Each structure stands twice: as structure tokens, then as C-alpha cells.
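Encoded as C-alpha cells, the structure appears first; notes follow it.
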Amino acid sequence: MQNLENLSTPILMANIILPLAVYAEYTYLVPPNLADKVKEGIRVEVQFGAKRVYAGVVKRIFEGEAPANIRLKPIANILDEQAIVPIKQLQLWQWIAQYYMCSEGEVMQAALPSAFKLSSETKLLINPAFNQDFSLLDDREYLIAEALTLQTEISIEDVQAILETKSVVHVVKSMLEKGVILLQEALVERYKPQTVAYLSLNPIYHQPEQLQDLLTQLQKEKRNDKQLMALMAFIHLSKTKGVDEVRKKELLEKAETTDSSLKTLIKKGVFTEFQKSISRLDKETSVHIPLDYDLSPNQETALTQIKQQFEQKQVVLLHGITSSGKTQLYIKLIQEAIANNQQVLYLLPEIALTAQMIARLRKVFGDEIGIYHSKFNDQERVEIWHKVLNNEYKVVIGARSAVFLPLKNLALVVIDEEHDPSFKQFEPAPHYHARDTAIYLASLYGAKTLLGSATPALETFFNATKTQKYGLVTLNERYGGVLPPIIEVISITKATKNGQMHSHFTDQLLTEMKTALDHNEQVIVFQNRRGYSPSLLCADCGWIPQCVQCDVSLTYHKASNDLKCHYCDYKRPLIARCEACGSTNLQIQGFGTEKIQDELQDFLKDTPIGRLDLDSARTKHGFEQIINDFEDQKTKVLVGTQMVTKGLDFENVSLVAVLSADQLLGFPDFRATERGFQLMMQVSGRAGRRNKQGKVLIQSRNTSYKTLTHVLEGSYEAFFNDELHERFTYLYPPFVRLVVLTLKHKDNIAVNKAAAWLQKALQVRFNKHVLGPAVPMVSRIRSYYLRQFIIKIDRQSTQLQQHKQFIADTIHQLQQQPSYKSLVVQIDVDPY
């Protein structure tokens, strides 16, 4: 009877989120000794499976009866004293997993810095039962066994170093079979605080008399000169800075002495050496500078309207033309939030934008601003995470991943250039959209969201004008009365016919570029393709070098003199001979930013030309350096991809060139015209931004695109109405929601069969609203053959979650079939 009562006694359990793409919810036992330490949002060490160990995040703690027939594994240890993931962030993770049809583990992977996501590392230990008979071991096994006699455990990395090879699995396996070693999984902490050496003076010498005696003693012996210099340098630095401790490196430089002199003073008990943790983040001291401008009457009106709209709406769209002064309004609203001791999240689509924006905001808000984006290393990300968690930053500015930061007192979310596709996460899952995610995040805190753009996403403008879900405020005048640029379309077809083309540039474009440069003005050239040339072609047989893993041609990069795949990063040296017919008559086809930069240099001779694309700005400070050089007029022409279109402000740019509108508008995607319009309008906004009317030249083979008419007129509303009619006619967003399924398999026949099965299963529920299976433009990536479905769901449907559950269940049924165990199905909700 007593045993039965014990069995029914409630126990303390916890749901743990593991950094794995698994949909099941895992429950662990909370041991009595950890009951008062386990909290929601902290990381805990748990065993998963037979051997693996992970750091999971506690999602929920609850009491209940132990599940029947299941032996719960206990939480092994806690890794945090306080929650590193606030409750509201855990709620956001759950929403993302449900809405974007992924696991919470995948959200955790995207949300947390890598240094937080501890996983087990295999350790080798000597088997206590091993009789130390090394005669049975070969030479490599002997080396490992010998190492284990010197230390209790070694890692796989240690084994690789000892044997000087990466391939060690067979050696380890052999030693296991011989009973020489045991394996143990140990949790590895990746984050280590950065420390530097500091010195402090023995408290005895804080007394003037004692210090004077020490100085006198050192002065008596000539061989103590360097020690005396070190002591004098310490006294000077500590008094100058008003501190009791001095950085060792700084002291050595000041005293111009050696490390041995300091060691002698440490042995004598004069100094104490210790390690001190320091921040890895850039040391920037900023001072508050009042705003150096007044709002225009138009801006004042807009600011008042935003506040009025916020009284009734959670989300407001600020539709302001380029250079209308949207940033000044953001700053005013941020100031008000800070004055109330609240936090602001400021999202930008690209890291390229953060350098300029941070410089502006730091002038106003000083060091209360934190920056977060993918160029920071893991250790820096952890430091920023803790600073946000501890409320040290009042304003956080960053790219899409900043939505996962542990904000506690969020009052305002600003999403600048909200239309930008960079806000959408493509690979890996979760395929979330940072704009929509941030709007939901703001709703959890009861915060307001301000969306800003000169060319809003069609769905956003639809929500602001047709459904009135969002508030709408417009700014239709450029700040300071600056006139909008003159926009002109140049026909490449006519120029070619009249012999007025020079490579990819018309006579008119080159002439106007030279005129701008002669007036000491700057030029931006937009080409939405990186690399030197899209492909290499054999002029004799038509052969084109292809990627070995993807169904795409390799792109020629002149700087590295190789051929690269932009899908899988495969590369090979530039070839001199056709691999099909042996001909050496190989020609470069098409053009990318690298080639444009190269050819412009021939036409513009000594003009310094910069380039802004993914290749040129890969390093941590690459974006910033390129932008600063152009801003400081060290470069006069900037050639770039869509990075140059995104809200950058260069006061000396008078001419902007779009080299090929056809590449933007002729793309087979329902968003192609929207993207093309946005890019051309945004890049046009870079011209004549301060005190002079600029000019925009758009080259195109087909000048009859209706979108080009809207660009020439500068009319977003006209474009919106035309595009909305097309979307309504063919049932595309904003009238439906889209879910794209991509099937991946290394066997082409298997992926076709799987697609046929899935088509029949989906049509049972969605009927004609299932499009596909279709072969995408690039039909094979990383050796996986691809097939795609598009599922359309009525936006007004009250069964959205049921539809998604049906899709998930159907995919699960497909993957349970033995033939499709290795089939990968990627789900993308709201593809952008």
C-alpha cells in the first residue's frame, strides 16, 4: 500500500527545448537537489539518447504523476544561475515554430549564439580493466595509450593532433574492441571570457613611508634600474587614471622595460599579477550631442500623426519617399522611449546599413546603443546578449537575428526598409520573416511597431490602405526642399543599332559619368549580379563549365582567377581549354559587378572605383570600410549589387546608373516586378540627396515595361494598384497565403515518385490550389534533385492551423515510407 502511494506522489518535471530538428516535446525529471535552481529560460545539461549530452533550455516546469512505462532521465546540471531566455522570447519561439512549421529546436539554433548551444564532445579514458599490456597495440594505438597514461582523458581533437591526421575513427574503434579505452561524453562550454593580465601594488606600499623606503632601496642598486622604472611607471599610470590596478601590457610599454623585471618585482611581493575579464566589443566612447536639425513642418505633422495612430493601432506604416527624413522621426520616437527608461529594437535589412546608422544614432544616444549582427564572432555575441539581458543597452540596432535578443522592457520596434527581402531567412530553418516576427514580438510586450519604407511591400501597403489593419502616415516631400532626381530610360537596343554601345555602357551613360566626375561629384552604378562573368563559353562547340554538384554554370571571378558556384561554393581554377572539344576559343559571357568595375576603369582611367557586393565585403569591417571610403570621397564611383540601394546616404552623389532593367523585371517570379520597382526606386533615391537635384539613368533593352513608366513617374500608388490587380487575378499574396514545399533527394527517380505521391495526397484537401510538382530553375543543388509545390491558402481562412497540420501530417506519412527515408522536405511559409 505504501509503495502504491509513493508511485502516485507528484514529481517535479520540466519540458526542455533541445537544439535539434525534432518535433517531439522532451520531458526530464527535476532532481530534488536542483528543484530550487531550475527556472524557465535557463540552460540545463541533459542526456539525449544513449550517449549524447546537450544544453537545453527549460521551457516549462510542472508537477505531475510520473508517466507510465517511461523512465524519465534527470536533469544532470544547471548551466545558468538566471534565465538567459526571457519568458516572452520562449513564447516567440513557440509562435515561430507553429507559424513557420518547424521545430522549437530549430528556432533555438537560430536564436542563441553558438557559444550558448553546448553539445557533447567525446572524451577517451583509459579502461580501468586494461592490464597495461601495450604489446597488443600497433604504433598509432600505442601513442594514444601512452598519452592516456600521462593525463586522465583526451579529446578526439587531441587524438587527431597526436596522430597528425583527421581520420582517427578506425583507430579509436580498434582500441575500444581491444578493451584499452572507454568513451565518455562531456559537455563543452564554448564561451570563454577574454582576459588580460593586470598588476596591482601590494597594499603595504599604499603607505607613503613604505613606498619611499622601497624606492630608496631600488635606487641604491644600479642593477635595479629597470625595476625602478617599472615601479615609477605604475605610480604614474595609477595616479593619472585614478585606479589601483594597471594593465600589464600598458605598464611594459610605459616603462620601456622587460617582462623579467616585472616578474622579479612580483617575486619580491611588490606587485600582484592577476587576470581580468574584458569586453571583446569595440571600445567606442561616445558623447551625447543634441540633434543638429529642426523637423520640417511636414515632419512635425507626420510625427504627430504617428503618435495619434499609435493610440489606436499597434502597427503604423511610415510611407516616406527617399530623403524625406524618416530617420529623424525614428530618433524622436526613440528619445521618448529612452526618457521613459524603456527599450527600442531598431531593425535594418543589411549589415551594410548599420555603419552609417550607428554613426548617426551614437551622436544622439551615446553608448546606450548596442549592435548585433552576423559579423560578430560567437564570443562577442554572448557579450552583447548579456548586456541586453542586463538592460545595459536602451537601443538595440541589428539585422534580422536581433529579434531573438533577450529584451525585457521593449516599448518600440522600428523596422527600416521594411520591404527588403533580406528580412526573410532562407537557409537553414526556421524560414522566418523578421518583420512579421518583430510585429508579433512587439505584441507580446504591448509595444508599438513602426514600419518605414519609400516602397513598402505590397502586403504592408495593403494592410495599411485596404484592410486598415495598420495605421498609415505619409511623407511626400524631401527634407530641406531637395528636388527628386530626374529619371531617364535609355534604350540599349537603339544604342546598339546606332553604334553607341561600349561594352555594357551607352554613349550617354559614359558621357554623363565623366561630366559628373569633372564636377567632382560621385556616381553609383547598380548591377544586380556579383562576380566577373556569369559563365565561360566555348565559341566552337558551346560547352559551358558546370558545377559538379548543382545544375548551374560556374561564375568567373577575376580577382581570384577561378570559377565558382554561388549555390554550394564549389570552385575550380580557370580553365584554358574546352573540356568537350579541346578548343582554346573560350569567351566570357554576361557581366557582374567585378567585370563592370574592371571595364569602367578602362573608360575612366585614373578614377578610383570601389565595389560593394558579397565578395568584396565578407570581412567583419568590410562593409564599413567600403562605405567610409566612398563617403570620404576616396573612391569616386561605387559599383554594387542591391546593397547600394538600401538606405545609404551619400551627399555628393549626383548620378545613379542602372545597367540592365531587363535582368530585374524579366525574372520568372510573381514578385519580380515588385522587386524591380523597389530596387530602381531605392537606388534612384541615392542621387542628389542633399543640395542638388540628381539624375538616374536606367538602361534597358525593352523600354515598354509598364513598371518603368511607374518608375519614371515616381508613383508608388499607381504601381501598387496595377500590381494588386494582377495578384487578385492570379491569386497571389496579399489575397492568399503561400506555402512552398521543396522536395530534395539524391536520386532523381525517387524525388519524382515522391512528388507524384505528394501531389495526390495534397489535392485531396487543396484541390486546384496546389501548383506542382515543378522543376525549379535550378533543379539540382549540392547533389540533391529538387521538386517544388506551391500551396495557396485563402488569407481569410479560419482553418490556417488545420491546413498546416494537414501538410505536416502528409509529409510525415510520405517520409515514413521505406523508399523515402532519406527524402528531405523543406517547408517555407510566406516565401518572399
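The chains in the C-alpha cells are called A, B, ... from first to last as shown; in each chain the residues are counted from 1, and the ligands are counted from 1 in the order shown.
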**Asked** Contacts of A:Leu664 at 12 Å or less, counting only C-alpha atoms, minus same-chain residues fewer than 2 places along, as an MDAnalysis selection string?
**Response** chainID A and resid 526:529 641:642 658:662 666:669 671:680 698:702 705 707:708
**Contacts of A:Lys469 at 8 Å (only C-alpha atoms; same-chain gap of 3+ positions) as a list in words** = Lys313, Val315, Asn463 and Ala464 of chain A
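By only C-alpha atoms, and with residues fewer than 5 positions from A:Ala580 along its chain excluded, the set lying at most 9 Å from it is Cys538, Cys541 and Trp543 of chain A.
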**A:Ile492, A:Ile827, A:Leu412, A:Leu112 ranked by distance to A:Thr703, top pick (using only C-alpha atoms)** = A:Ile492
**Request:** List the neighbours of A:Gly471 out to 10 Å using only C-alpha atoms; skip same-chain residues closer than 4 positions along the sequence, and give me the result as a ChimeraX atom specification.
**Result:** /A:305-306,308-310,312-318,450-451,461,463-465
Residues from the last selection, all heavy atoms, saved as a short mmCIF file (atom, residue, chain, number, x, y, z; two decimals), in the first residue's frame:
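Okay, result_4.cif is ready:
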```
data_model
loop_
_atom_site.label_atom_id
_atom_site.label_comp_id
_atom_site.auth_asym_id
_atom_site.auth_seq_id
_atom_site.Cartn_x
_atom_site.Cartn_y
_atom_site.Cartn_z
N GLN A 305 0.97 62.61 -36.33
CA GLN A 305 0.07 61.58 -36.87
C GLN A 305 0.47 60.18 -36.41
O GLN A 305 -0.39 59.35 -36.11
CB GLN A 305 0.04 61.65 -38.40
CG GLN A 305 -0.67 62.89 -38.93
CD GLN A 305 -0.58 62.99 -40.45
OE1 GLN A 305 0.23 62.31 -41.09
NE2 GLN A 305 -1.41 63.85 -41.03
N ILE A 306 1.79 59.92 -36.36
CA ILE A 306 2.26 58.60 -35.89
C ILE A 306 1.78 58.35 -34.46
O ILE A 306 1.26 57.28 -34.13
CB ILE A 306 3.80 58.51 -35.98
CG1 ILE A 306 4.26 58.47 -37.44
CG2 ILE A 306 4.31 57.27 -35.24
CD1 ILE A 306 5.76 58.62 -37.62
N GLN A 308 -0.71 59.76 -32.91
CA GLN A 308 -2.17 59.60 -32.90
C GLN A 308 -2.57 58.20 -33.37
O GLN A 308 -3.47 57.57 -32.79
CB GLN A 308 -2.81 60.67 -33.79
CG GLN A 308 -2.72 62.08 -33.20
CD GLN A 308 -3.20 63.14 -34.19
OE1 GLN A 308 -3.34 62.88 -35.39
NE2 GLN A 308 -3.43 64.35 -33.68
N GLN A 309 -1.91 57.73 -34.42
CA GLN A 309 -2.22 56.38 -34.93
C GLN A 309 -1.88 55.31 -33.91
O GLN A 309 -2.59 54.31 -33.77
CB GLN A 309 -1.43 56.13 -36.23
CG GLN A 309 -1.81 57.03 -37.39
CD GLN A 309 -2.96 56.45 -38.20
OE1 GLN A 309 -3.58 55.48 -37.81
NE2 GLN A 309 -3.27 57.09 -39.32
N PHE A 310 -0.78 55.51 -33.16
CA PHE A 310 -0.38 54.55 -32.14
C PHE A 310 -1.41 54.41 -31.02
O PHE A 310 -1.44 53.40 -30.31
CB PHE A 310 0.98 54.93 -31.54
CG PHE A 310 2.17 54.41 -32.31
CD1 PHE A 310 3.40 55.07 -32.25
CD2 PHE A 310 2.08 53.25 -33.07
CE1 PHE A 310 4.50 54.58 -32.94
CE2 PHE A 310 3.17 52.76 -33.78
CZ PHE A 310 4.38 53.43 -33.70
N GLN A 312 -4.46 54.02 -31.47
CA GLN A 312 -5.49 53.07 -31.90
C GLN A 312 -4.92 51.82 -32.59
O GLN A 312 -5.57 50.78 -32.62
CB GLN A 312 -6.46 53.76 -32.87
CG GLN A 312 -7.18 54.95 -32.23
CD GLN A 312 -8.09 55.67 -33.21
OE1 GLN A 312 -8.30 55.19 -34.32
NE2 GLN A 312 -8.61 56.80 -32.80
N LYS A 313 -3.72 51.92 -33.15
CA LYS A 313 -3.13 50.82 -33.90
C LYS A 313 -1.82 50.38 -33.25
O LYS A 313 -1.06 51.20 -32.74
CB LYS A 313 -2.83 51.25 -35.35
CG LYS A 313 -4.00 51.88 -36.08
CD LYS A 313 -4.91 50.85 -36.68
CE LYS A 313 -5.98 51.52 -37.54
NZ LYS A 313 -6.92 50.54 -38.14
N GLN A 314 -1.56 49.08 -33.31
CA GLN A 314 -0.29 48.56 -32.80
C GLN A 314 0.84 48.76 -33.81
O GLN A 314 2.00 48.86 -33.42
CB GLN A 314 -0.42 47.06 -32.49
CG GLN A 314 -1.32 46.75 -31.30
CD GLN A 314 -0.78 47.36 -30.02
OE1 GLN A 314 -1.37 48.28 -29.47
NE2 GLN A 314 0.35 46.87 -29.55
N VAL A 315 0.48 48.80 -35.09
CA VAL A 315 1.49 48.91 -36.16
C VAL A 315 1.13 50.10 -37.04
O VAL A 315 -0.03 50.28 -37.43
CB VAL A 315 1.53 47.63 -37.02
CG1 VAL A 315 2.62 47.74 -38.08
CG2 VAL A 315 1.76 46.40 -36.15
N VAL A 316 2.14 50.92 -37.35
CA VAL A 316 1.95 52.07 -38.23
C VAL A 316 2.99 52.02 -39.34
O VAL A 316 4.17 51.75 -39.08
CB VAL A 316 2.07 53.40 -37.47
CG1 VAL A 316 2.04 54.59 -38.43
CG2 VAL A 316 0.97 53.52 -36.43
N LEU A 317 2.56 52.24 -40.56
CA LEU A 317 3.47 52.33 -41.71
C LEU A 317 3.79 53.79 -41.98
O LEU A 317 2.88 54.60 -42.18
CB LEU A 317 2.84 51.71 -42.96
CG LEU A 317 3.56 51.98 -44.29
CD1 LEU A 317 4.96 51.36 -44.29
CD2 LEU A 317 2.74 51.45 -45.47
N LEU A 318 5.08 54.13 -41.97
CA LEU A 318 5.54 55.46 -42.37
C LEU A 318 6.01 55.35 -43.81
O LEU A 318 7.10 54.86 -44.09
CB LEU A 318 6.67 55.94 -41.46
CG LEU A 318 7.32 57.28 -41.84
CD1 LEU A 318 6.30 58.41 -41.85
CD2 LEU A 318 8.47 57.62 -40.90
N LEU A 450 6.78 50.51 -35.75
CA LEU A 450 6.78 51.50 -36.84
C LEU A 450 7.53 50.91 -38.02
O LEU A 450 8.72 50.57 -37.92
CB LEU A 450 7.45 52.79 -36.39
CG LEU A 450 7.47 53.93 -37.43
CD1 LEU A 450 6.05 54.36 -37.79
CD2 LEU A 450 8.28 55.12 -36.92
N LEU A 451 6.84 50.75 -39.14
CA LEU A 451 7.44 50.25 -40.38
C LEU A 451 7.76 51.45 -41.26
O LEU A 451 6.92 52.33 -41.44
CB LEU A 451 6.47 49.32 -41.12
CG LEU A 451 5.84 48.18 -40.31
CD1 LEU A 451 4.83 47.43 -41.17
CD2 LEU A 451 6.91 47.23 -39.80
N PHE A 461 1.41 47.62 -47.57
CA PHE A 461 0.58 48.74 -48.03
C PHE A 461 -0.89 48.32 -48.12
O PHE A 461 -1.80 49.12 -47.85
CB PHE A 461 1.07 49.25 -49.39
CG PHE A 461 0.69 50.68 -49.67
CD1 PHE A 461 1.24 51.72 -48.94
CD2 PHE A 461 -0.23 50.99 -50.67
CE1 PHE A 461 0.87 53.05 -49.19
CE2 PHE A 461 -0.59 52.31 -50.93
CZ PHE A 461 -0.03 53.33 -50.18
N ASN A 463 -2.29 46.15 -46.09
CA ASN A 463 -2.77 46.16 -44.70
C ASN A 463 -3.02 47.58 -44.18
O ASN A 463 -3.84 47.78 -43.29
CB ASN A 463 -1.76 45.47 -43.78
CG ASN A 463 -1.82 43.96 -43.89
OD1 ASN A 463 -2.86 43.39 -44.23
ND2 ASN A 463 -0.70 43.30 -43.62
N ALA A 464 -2.30 48.55 -44.75
CA ALA A 464 -2.46 49.93 -44.29
C ALA A 464 -3.58 50.67 -45.01
O ALA A 464 -4.20 51.57 -44.43
CB ALA A 464 -1.14 50.69 -44.48
N THR A 465 -3.87 50.29 -46.27
CA THR A 465 -4.84 51.07 -47.06
C THR A 465 -6.15 50.34 -47.31
O THR A 465 -7.21 50.96 -47.36
CB THR A 465 -4.23 51.46 -48.42
OG1 THR A 465 -3.82 50.26 -49.12
CG2 THR A 465 -3.04 52.37 -48.25
#
```
**Prompt:** atom CA of A:Leu333 and atom CA of A:Val473 are how many Å apart?
**Reply:** 14.4 Å
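Take the candidates A:Gln132, A:Ser453, A:Ser715, A:Gln379 and check each one against A:Gly325 using only C-alpha atoms; the shortest distance goes to A:Ser453.
Distance annotation: of A:Ile415, A:Val382, A:Ala750, A:Val403, the residue with the minimal separation from A:Val107 is A:Val403; atom set is only C-alpha atoms.
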**Request:** Determine which residues of stretch 601-807 of chain A receive a DSSP assignment of helix (DSSP H, G or I), computed from the backbone, and state them as a VMD selection string.
**Result:** chain A and resid 601 to 604 622 to 631 642 to 645 661 to 665 672 to 684 706 to 713 716 to 730 748 to 769 800 to 807
**Neighbour list for A:Trp385 as a ChimeraX atom specification, cut-off 9 Å, only C-alpha atoms, skip fewer than 5 positions in-chain** = /A:84,112-113,372,380,390,405-406
Please save N, CA, C and O atoms of the selected residues as a PDB file, in the first residue's frame.
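Full text of again.pdb as output:
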```pdb
ATOM      1  N   ILE A  84      18.549  33.048 -19.298  1.00  0.00           N
ATOM      2  CA  ILE A  84      19.150  33.792 -20.405  1.00  0.00           C
ATOM      3  C   ILE A  84      18.140  34.021 -21.529  1.00  0.00           C
ATOM      4  O   ILE A  84      18.380  34.804 -22.439  1.00  0.00           O
ATOM      5  N   LEU A 112      19.932  31.464 -30.410  1.00  0.00           N
ATOM      6  CA  LEU A 112      21.031  31.592 -29.455  1.00  0.00           C
ATOM      7  C   LEU A 112      22.387  31.678 -30.149  1.00  0.00           C
ATOM      8  O   LEU A 112      22.620  31.000 -31.158  1.00  0.00           O
ATOM      9  N   PRO A 113      23.302  32.479 -29.620  1.00  0.00           N
ATOM     10  CA  PRO A 113      24.682  32.449 -30.126  1.00  0.00           C
ATOM     11  C   PRO A 113      25.247  31.037 -30.000  1.00  0.00           C
ATOM     12  O   PRO A 113      24.905  30.294 -29.069  1.00  0.00           O
ATOM     13  N   TYR A 372      24.029  44.336 -33.133  1.00  0.00           N
ATOM     14  CA  TYR A 372      24.003  42.869 -33.181  1.00  0.00           C
ATOM     15  C   TYR A 372      23.778  42.414 -34.615  1.00  0.00           C
ATOM     16  O   TYR A 372      22.758  42.736 -35.213  1.00  0.00           O
ATOM     17  N   GLU A 380      31.723  37.525 -29.012  1.00  0.00           N
ATOM     18  CA  GLU A 380      31.164  38.881 -28.979  1.00  0.00           C
ATOM     19  C   GLU A 380      29.640  38.831 -28.867  1.00  0.00           C
ATOM     20  O   GLU A 380      29.035  39.641 -28.167  1.00  0.00           O
ATOM     21  N   ASN A 390      20.906  42.382 -19.292  1.00  0.00           N
ATOM     22  CA  ASN A 390      21.081  43.194 -18.077  1.00  0.00           C
ATOM     23  C   ASN A 390      20.639  44.648 -18.260  1.00  0.00           C
ATOM     24  O   ASN A 390      20.955  45.504 -17.427  1.00  0.00           O
ATOM     25  N   LEU A 405      17.023  38.694 -29.387  1.00  0.00           N
ATOM     26  CA  LEU A 405      17.743  39.169 -28.210  1.00  0.00           C
ATOM     27  C   LEU A 405      16.818  39.242 -26.990  1.00  0.00           C
ATOM     28  O   LEU A 405      15.615  39.504 -27.128  1.00  0.00           O
ATOM     29  N   PRO A 406      17.373  39.051 -25.781  1.00  0.00           N
ATOM     30  CA  PRO A 406      16.542  38.957 -24.573  1.00  0.00           C
ATOM     31  C   PRO A 406      16.114  40.306 -24.005  1.00  0.00           C
ATOM     32  O   PRO A 406      16.457  40.674 -22.885  1.00  0.00           O
TER      33      PRO A 406
END
```
**Request:** Considering only C-alpha atoms, return as JSON, numbers by chain whatever protein or nucleic-acid residues lie within 12 Å of A:Ile16, sequence-local ones (same chain, fewer than 6 positions apart) excluded.
**Result:** {"A": [22, 24, 25, 26, 27, 28, 29, 30, 38, 39, 40, 41, 42, 43, 44, 45, 46, 47, 48, 54, 55, 56, 57, 58, 59, 60, 61, 62, 73, 74, 75, 90, 104, 105, 108]}
